[in-house]
>>> print(open('query_32.cif').read())   # mmCIF, C-alpha atoms and all ligand atoms
data_data
loop_
_atom_site.group_PDB
_atom_site.id
_atom_site.type_symbol
_atom_site.label_atom_id
_atom_site.label_comp_id
_atom_site.auth_asym_id
_atom_site.auth_seq_id
_atom_site.Cartn_x
_atom_site.Cartn_y
_atom_site.Cartn_z
ATOM 1 C CA MET A 1 -11.534 30.901 45.566
ATOM 2 C CA ARG A 2 -11.699 34.358 47.061
ATOM 3 C CA ILE A 3 -10.565 37.288 44.954
ATOM 4 C CA ALA A 4 -10.009 40.959 45.724
ATOM 5 C CA VAL A 5 -10.290 43.423 42.863
ATOM 6 C CA THR A 6 -10.194 47.202 42.843
ATOM 7 C CA VAL A 7 -13.282 48.082 40.850
ATOM 8 C CA ASN A 8 -13.887 51.726 39.997
ATOM 9 C CA GLY A 9 -11.485 52.678 42.777
ATOM 10 C CA GLU A 10 -13.187 50.562 45.412
ATOM 11 C CA ARG A 11 -11.875 47.284 46.792
ATOM 12 C CA LYS A 12 -14.307 44.433 46.177
ATOM 13 C CA GLU A 13 -13.994 40.848 47.358
ATOM 14 C CA ALA A 14 -15.919 37.872 46.041
ATOM 15 C CA ASP A 15 -15.938 34.096 46.157
ATOM 16 C CA VAL A 16 -15.724 32.810 42.591
ATOM 17 C CA TRP A 17 -15.423 29.396 41.001
ATOM 18 C CA ALA A 18 -12.382 28.489 38.935
ATOM 19 C CA GLY A 19 -13.906 28.968 35.484
ATOM 20 C CA GLU A 20 -15.972 32.032 36.280
ATOM 21 C CA SER A 21 -15.614 35.074 34.045
ATOM 22 C CA LEU A 22 -14.852 38.549 35.270
ATOM 23 C CA LEU A 23 -18.110 39.603 33.602
ATOM 24 C CA PHE A 24 -20.124 37.170 35.718
ATOM 25 C CA ALA A 25 -18.316 38.238 38.879
ATOM 26 C CA LEU A 26 -18.911 41.931 38.159
ATOM 27 C CA ARG A 27 -22.580 41.493 37.331
ATOM 28 C CA GLU A 28 -23.667 38.759 39.709
ATOM 29 C CA ARG A 29 -21.348 39.087 42.687
ATOM 30 C CA MET A 30 -20.253 42.703 42.806
ATOM 31 C CA GLY A 31 -23.516 44.443 41.996
ATOM 32 C CA LEU A 32 -22.301 46.053 38.766
ATOM 33 C CA PRO A 33 -24.710 45.141 35.934
ATOM 34 C CA GLY A 34 -23.560 47.950 33.604
ATOM 35 C CA SER A 35 -21.304 45.646 31.585
ATOM 36 C CA LYS A 36 -23.629 43.618 29.377
ATOM 37 C CA ASN A 37 -23.562 39.964 28.476
ATOM 38 C CA ALA A 38 -24.654 39.492 24.893
ATOM 39 C CA CYS A 39 -22.465 36.760 23.393
ATOM 40 C CA GLU A 40 -20.104 35.602 26.130
ATOM 41 C CA GLN A 41 -17.641 34.677 23.370
ATOM 42 C CA GLY A 42 -15.599 37.817 22.833
ATOM 43 C CA GLU A 43 -17.519 38.732 19.691
ATOM 44 C CA CYS A 44 -19.712 41.707 20.573
ATOM 45 C CA GLY A 45 -17.840 44.001 22.961
ATOM 46 C CA SER A 46 -20.901 44.657 25.114
ATOM 47 C CA CYS A 47 -18.908 43.547 28.163
ATOM 48 C CA SER A 48 -15.937 45.882 27.549
ATOM 49 C CA VAL A 49 -14.098 47.031 30.679
ATOM 50 C CA LEU A 50 -10.627 48.343 31.440
ATOM 51 C CA LEU A 51 -8.293 45.933 33.195
ATOM 52 C CA ASP A 52 -5.309 47.869 34.514
ATOM 53 C CA GLY A 53 -6.200 50.475 31.903
ATOM 54 C CA THR A 54 -6.346 48.060 28.970
ATOM 55 C CA LEU A 55 -9.607 47.482 27.108
ATOM 56 C CA VAL A 56 -10.716 43.857 27.456
ATOM 57 C CA CYS A 57 -13.832 41.772 27.011
ATOM 58 C CA ALA A 58 -14.783 40.883 30.561
ATOM 59 C CA CYS A 59 -16.417 37.684 29.307
ATOM 60 C CA LEU A 60 -13.009 36.421 28.157
ATOM 61 C CA VAL A 61 -11.132 37.227 31.373
ATOM 62 C CA LEU A 62 -11.333 34.844 34.279
ATOM 63 C CA ALA A 63 -12.406 36.485 37.496
ATOM 64 C CA ALA A 64 -9.371 34.843 39.077
ATOM 65 C CA GLN A 65 -7.098 36.650 36.605
ATOM 66 C CA ALA A 66 -8.382 39.984 37.881
ATOM 67 C CA ASP A 67 -7.388 39.162 41.459
ATOM 68 C CA GLY A 68 -5.190 41.997 42.721
ATOM 69 C CA HIS A 69 -5.813 44.162 39.657
ATOM 70 C CA ASP A 70 -7.731 47.335 38.785
ATOM 71 C CA VAL A 71 -10.952 47.205 36.812
ATOM 72 C CA THR A 72 -12.952 50.124 35.474
ATOM 73 C CA THR A 73 -16.495 49.469 34.334
ATOM 74 C CA VAL A 74 -18.978 51.833 32.720
ATOM 75 C CA GLU A 75 -20.269 52.610 36.213
ATOM 76 C CA GLY A 76 -16.863 54.062 37.073
ATOM 77 C CA LEU A 77 -16.640 56.587 34.252
ATOM 78 C CA ALA A 78 -18.990 59.262 35.555
ATOM 79 C CA GLU A 79 -17.706 61.651 38.184
ATOM 80 C CA GLY A 80 -20.380 61.725 40.859
ATOM 81 C CA GLU A 81 -23.546 63.117 39.333
ATOM 82 C CA ARG A 82 -21.729 64.319 36.221
ATOM 83 C CA LEU A 83 -21.672 61.987 33.249
ATOM 84 C CA HIS A 84 -18.397 61.252 31.481
ATOM 85 C CA ARG A 85 -18.069 63.379 28.336
ATOM 86 C CA VAL A 86 -18.401 60.237 26.209
ATOM 87 C CA GLN A 87 -21.689 59.402 27.907
ATOM 88 C CA GLU A 88 -22.903 62.970 27.351
ATOM 89 C CA ALA A 89 -21.896 62.794 23.694
ATOM 90 C CA PHE A 90 -23.788 59.521 23.161
ATOM 91 C CA VAL A 91 -26.912 61.148 24.585
ATOM 92 C CA GLU A 92 -26.454 64.353 22.618
ATOM 93 C CA ALA A 93 -25.795 62.556 19.323
ATOM 94 C CA GLY A 94 -28.745 60.201 19.793
ATOM 95 C CA ALA A 95 -26.372 57.237 19.550
ATOM 96 C CA VAL A 96 -28.483 54.983 21.764
ATOM 97 C CA GLN A 97 -31.427 52.861 20.675
ATOM 98 C CA CYS A 98 -31.965 49.654 22.656
ATOM 99 C CA GLY A 99 -28.838 50.537 24.614
ATOM 100 C CA PHE A 100 -27.487 47.028 24.966
ATOM 101 C CA CYS A 101 -24.243 47.833 23.173
ATOM 102 C CA THR A 102 -23.894 51.281 24.715
ATOM 103 C CA PRO A 103 -21.916 50.527 27.900
ATOM 104 C CA GLY A 104 -19.279 48.652 25.927
ATOM 105 C CA LEU A 105 -19.091 51.349 23.270
ATOM 106 C CA VAL A 106 -18.792 54.060 25.900
ATOM 107 C CA VAL A 107 -15.928 52.244 27.645
ATOM 108 C CA ALA A 108 -14.201 51.538 24.316
ATOM 109 C CA THR A 109 -14.596 55.166 23.226
ATOM 110 C CA ALA A 110 -13.274 56.472 26.533
ATOM 111 C CA ALA A 111 -10.237 54.208 26.112
ATOM 112 C CA LEU A 112 -9.746 55.418 22.531
ATOM 113 C CA LEU A 113 -9.882 59.110 23.451
ATOM 114 C CA ARG A 114 -7.544 58.616 26.373
ATOM 115 C CA ASN A 115 -4.959 57.162 23.983
ATOM 116 C CA ILE A 116 -5.780 59.273 20.898
ATOM 117 C CA PRO A 117 -7.558 62.516 21.854
ATOM 118 C CA ALA A 118 -8.322 63.480 18.231
ATOM 119 C CA PRO A 119 -8.742 60.199 16.355
ATOM 120 C CA SER A 120 -9.097 59.992 12.583
ATOM 121 C CA GLU A 121 -12.103 58.327 10.996
ATOM 122 C CA ASP A 122 -10.057 55.168 10.439
ATOM 123 C CA GLU A 123 -8.821 55.180 14.031
ATOM 124 C CA ILE A 124 -12.405 55.478 15.302
ATOM 125 C CA ARG A 125 -13.563 52.592 13.117
ATOM 126 C CA GLU A 126 -10.593 50.460 14.094
ATOM 127 C CA ALA A 127 -11.015 51.188 17.818
ATOM 128 C CA LEU A 128 -14.714 50.328 17.787
ATOM 129 C CA SER A 129 -14.476 47.391 15.408
ATOM 130 C CA GLY A 130 -14.901 44.959 18.299
ATOM 131 C CA ASN A 131 -18.168 46.517 19.446
ATOM 132 C CA LEU A 132 -21.276 45.371 17.625
ATOM 133 C CA CYS A 133 -24.543 47.313 17.468
ATOM 134 C CA ARG A 134 -27.581 45.843 15.788
ATOM 135 C CA CYS A 135 -29.748 48.956 16.013
ATOM 136 C CA THR A 136 -28.081 52.188 15.017
ATOM 137 C CA GLY A 137 -26.176 51.526 11.805
ATOM 138 C CA TYR A 138 -23.198 53.111 13.602
ATOM 139 C CA ALA A 139 -23.488 56.587 12.027
ATOM 140 C CA LYS A 140 -24.697 58.236 15.224
ATOM 141 C CA ILE A 141 -22.191 56.298 17.286
ATOM 142 C CA PHE A 142 -19.381 57.737 15.163
ATOM 143 C CA ASP A 143 -20.997 61.172 15.513
ATOM 144 C CA ALA A 144 -20.892 60.717 19.279
ATOM 145 C CA VAL A 145 -17.232 59.770 19.239
ATOM 146 C CA ARG A 146 -16.396 62.874 17.163
ATOM 147 C CA LEU A 147 -18.480 65.007 19.507
ATOM 148 C CA ALA A 148 -16.716 63.635 22.567
ATOM 149 C CA ALA A 149 -13.329 64.193 20.919
ATOM 150 C CA GLU A 150 -14.226 67.801 20.110
ATOM 151 C CA GLY A 151 -15.291 68.362 23.705
ATOM 152 C CA ALA A 152 -11.950 67.178 25.075
HETATM 153 S S1 LIG A 201 -20.391 39.424 25.979
HETATM 154 FE FE1 LIG A 201 -18.247 39.668 25.947
HETATM 155 S S2 LIG A 201 -17.767 40.076 23.887
HETATM 156 FE FE2 LIG A 201 -19.899 39.679 23.874
HETATM 157 S S1 LIG A 202 -28.387 50.401 20.370
HETATM 158 FE FE1 LIG A 202 -29.204 48.378 20.267
HETATM 159 S S2 LIG A 202 -27.477 47.115 19.944
HETATM 160 FE FE2 LIG A 202 -26.704 49.129 19.803
#
>>> encode(input="query_32.cif", output="structure tokens")
Amino acid sequence: MRIAVTVNGERKEADVWAGESLLFALRERMGLPGSKNACEQGECGSCSVLLDGTLVCACLVLAAQADGHDVTTVEGLAEGERLHRVQEAFVEAGAVQCGFCTPGLVVATAALLRNIPAPSEDEIREALSGNLCRCTGYAKIFDAVRLAAEGA
């Protein structure tokens, strides 16, 4: 089937098969490899995107379900050449090692700070509980979230 999705403000069309995930469609058909595929089971959060403003795992959403809707991926957060403040904070805090989890964490953090500009420690941990990182031990990721919140 053919779908049309507004991705990062731009209309994209693609031919997808019935069981295809939004993650596959974004990465393989729409030229947006920023969202990562680590588990494809909704466990790791590396594929996090916003669907009509709501944080979702793109691996758990059918591409067909996104037809006619708005999707924001990590590629859509920066404004031109200027990184999103969450991206800047991750760099500044040294919150990136292998980087595989980073796009999902950045999208999840941006969603958190949009809803709660000054989150508590518990709110940060709760908001990022669906995003797994096997490298950093999370301390620097939480530093980055605090840094981004302070820079709001
Ligand atoms: S790839 Fe989607 S949650 Fe892991
Ligand atoms: S930096 Fe490697 S998984 Fe998070």
>>> residues_around(input="query_32.cif", residues="stretch 27-33 of chain A", least_positions_apart="6", cutoff="8 Å", atoms="all atoms listed in the file", output="list of chain:residue names")
A:Lys12, A:Glu13, A:Ala14, A:Glu75
>>> closest_residue(input="query_32.cif", among="A:Ser120, A:Glu79, A:Ala64, A:Cys44", to="A:Leu105", atoms="only C-alpha atoms")
A:Cys44
>>> residues_around(input="query_32.cif", residues="A:Gly137", least_positions_apart="6", cutoff="12 Å", atoms="only C-alpha atoms", output="list in words")
Ala95, Val96, Gln97 and Asp143 of chain A
>>> resolve_selection(input="query_32.cif", expression="the PyMOL selection byres (((not hetatm)) within 9 of (chain A and resi 202))", output="ChimeraX atom specification")
/A:46,95-102,105,131-138,141
>>> write_last_selection(input="query_32.cif", atoms="C-alpha atoms", output="compact mmCIF listing (two decimals), keeping the file's coordinate frame")
# COMPACT_ATOMS: atom_id res chain seq x y z
CA SER A 46 -20.90 44.66 25.11
CA ALA A 95 -26.37 57.24 19.55
CA VAL A 96 -28.48 54.98 21.76
CA GLN A 97 -31.43 52.86 20.68
CA CYS A 98 -31.96 49.65 22.66
CA GLY A 99 -28.84 50.54 24.61
CA PHE A 100 -27.49 47.03 24.97
CA CYS A 101 -24.24 47.83 23.17
CA THR A 102 -23.89 51.28 24.72
CA LEU A 105 -19.09 51.35 23.27
CA ASN A 131 -18.17 46.52 19.45
CA LEU A 132 -21.28 45.37 17.62
CA CYS A 133 -24.54 47.31 17.47
CA ARG A 134 -27.58 45.84 15.79
CA CYS A 135 -29.75 48.96 16.01
CA THR A 136 -28.08 52.19 15.02
CA GLY A 137 -26.18 51.53 11.80
CA TYR A 138 -23.20 53.11 13.60
CA ILE A 141 -22.19 56.30 17.29
>>> residues_near_ligand(input="query_32.cif", ligand="ligand LIG 201 (chain A)", cutoff="7 Å", atoms="all atoms listed in the file", output="list of chain:residue names")
A:Lys36, A:Asn37, A:Ala38, A:Cys39, A:Glu40, A:Gln41, A:Gly42, A:Glu43, A:Cys44, A:Gly45, A:Ser46, A:Cys47, A:Ser48, A:Cys57, A:Ala58, A:Cys59, A:Leu60
>>> closest_residue(input="query_32.cif", among="A:Arg2, A:Asp122, A:Glu10, A:Glu20", to="A:Thr73", atoms="all atoms listed in the file")
A:Glu10
>>> resolve_selection(input="query_32.cif", expression="the PyMOL selection byres (((chain A and resi 124) around 12) and not hetatm)", output="ChimeraX atom specification")
/A:105,108-113,115-123,125-131,138-139,141-146,148-149
>>> residues_around(input="query_32.cif", residues="A:Asp52", least_positions_apart="4", cutoff="9 Å", atoms="only C-alpha atoms", output="list in words")
His69, Asp70, Val71 and Thr72 of chain A
>>> closest_residue(input="query_32.cif", among="A:Ala25, A:Val106, A:Val61, A:Leu55", to="A:Ala89", atoms="all atoms listed in the file")
A:Val106
>>> atom_distance(input="query_32.cif", atom1="atom CA of A:Arg114", atom2="atom CA of A:Phe24")
26.6 Å
>>> closest_residue(input="query_32.cif", among="A:Thr54, A:Leu23, A:Ala18, A:Gln65", to="A:Ala4", atoms="all atoms listed in the file")
A:Gln65
>>> closest_residue(input="query_32.cif", among="A:Gly151, A:Leu22, A:Asn8, A:Ile3", to="A:Ala78", atoms="all atoms listed in the file")
A:Asn8
>>> atom_distance(input="query_32.cif", atom1="atom CA of A:Val49", atom2="atom CA of A:Phe90")
17.5 Å
>>> atom_distance(input="query_32.cif", atom1="atom CA of A:Gly104", atom2="atom CA of A:Val16")
23.3 Å
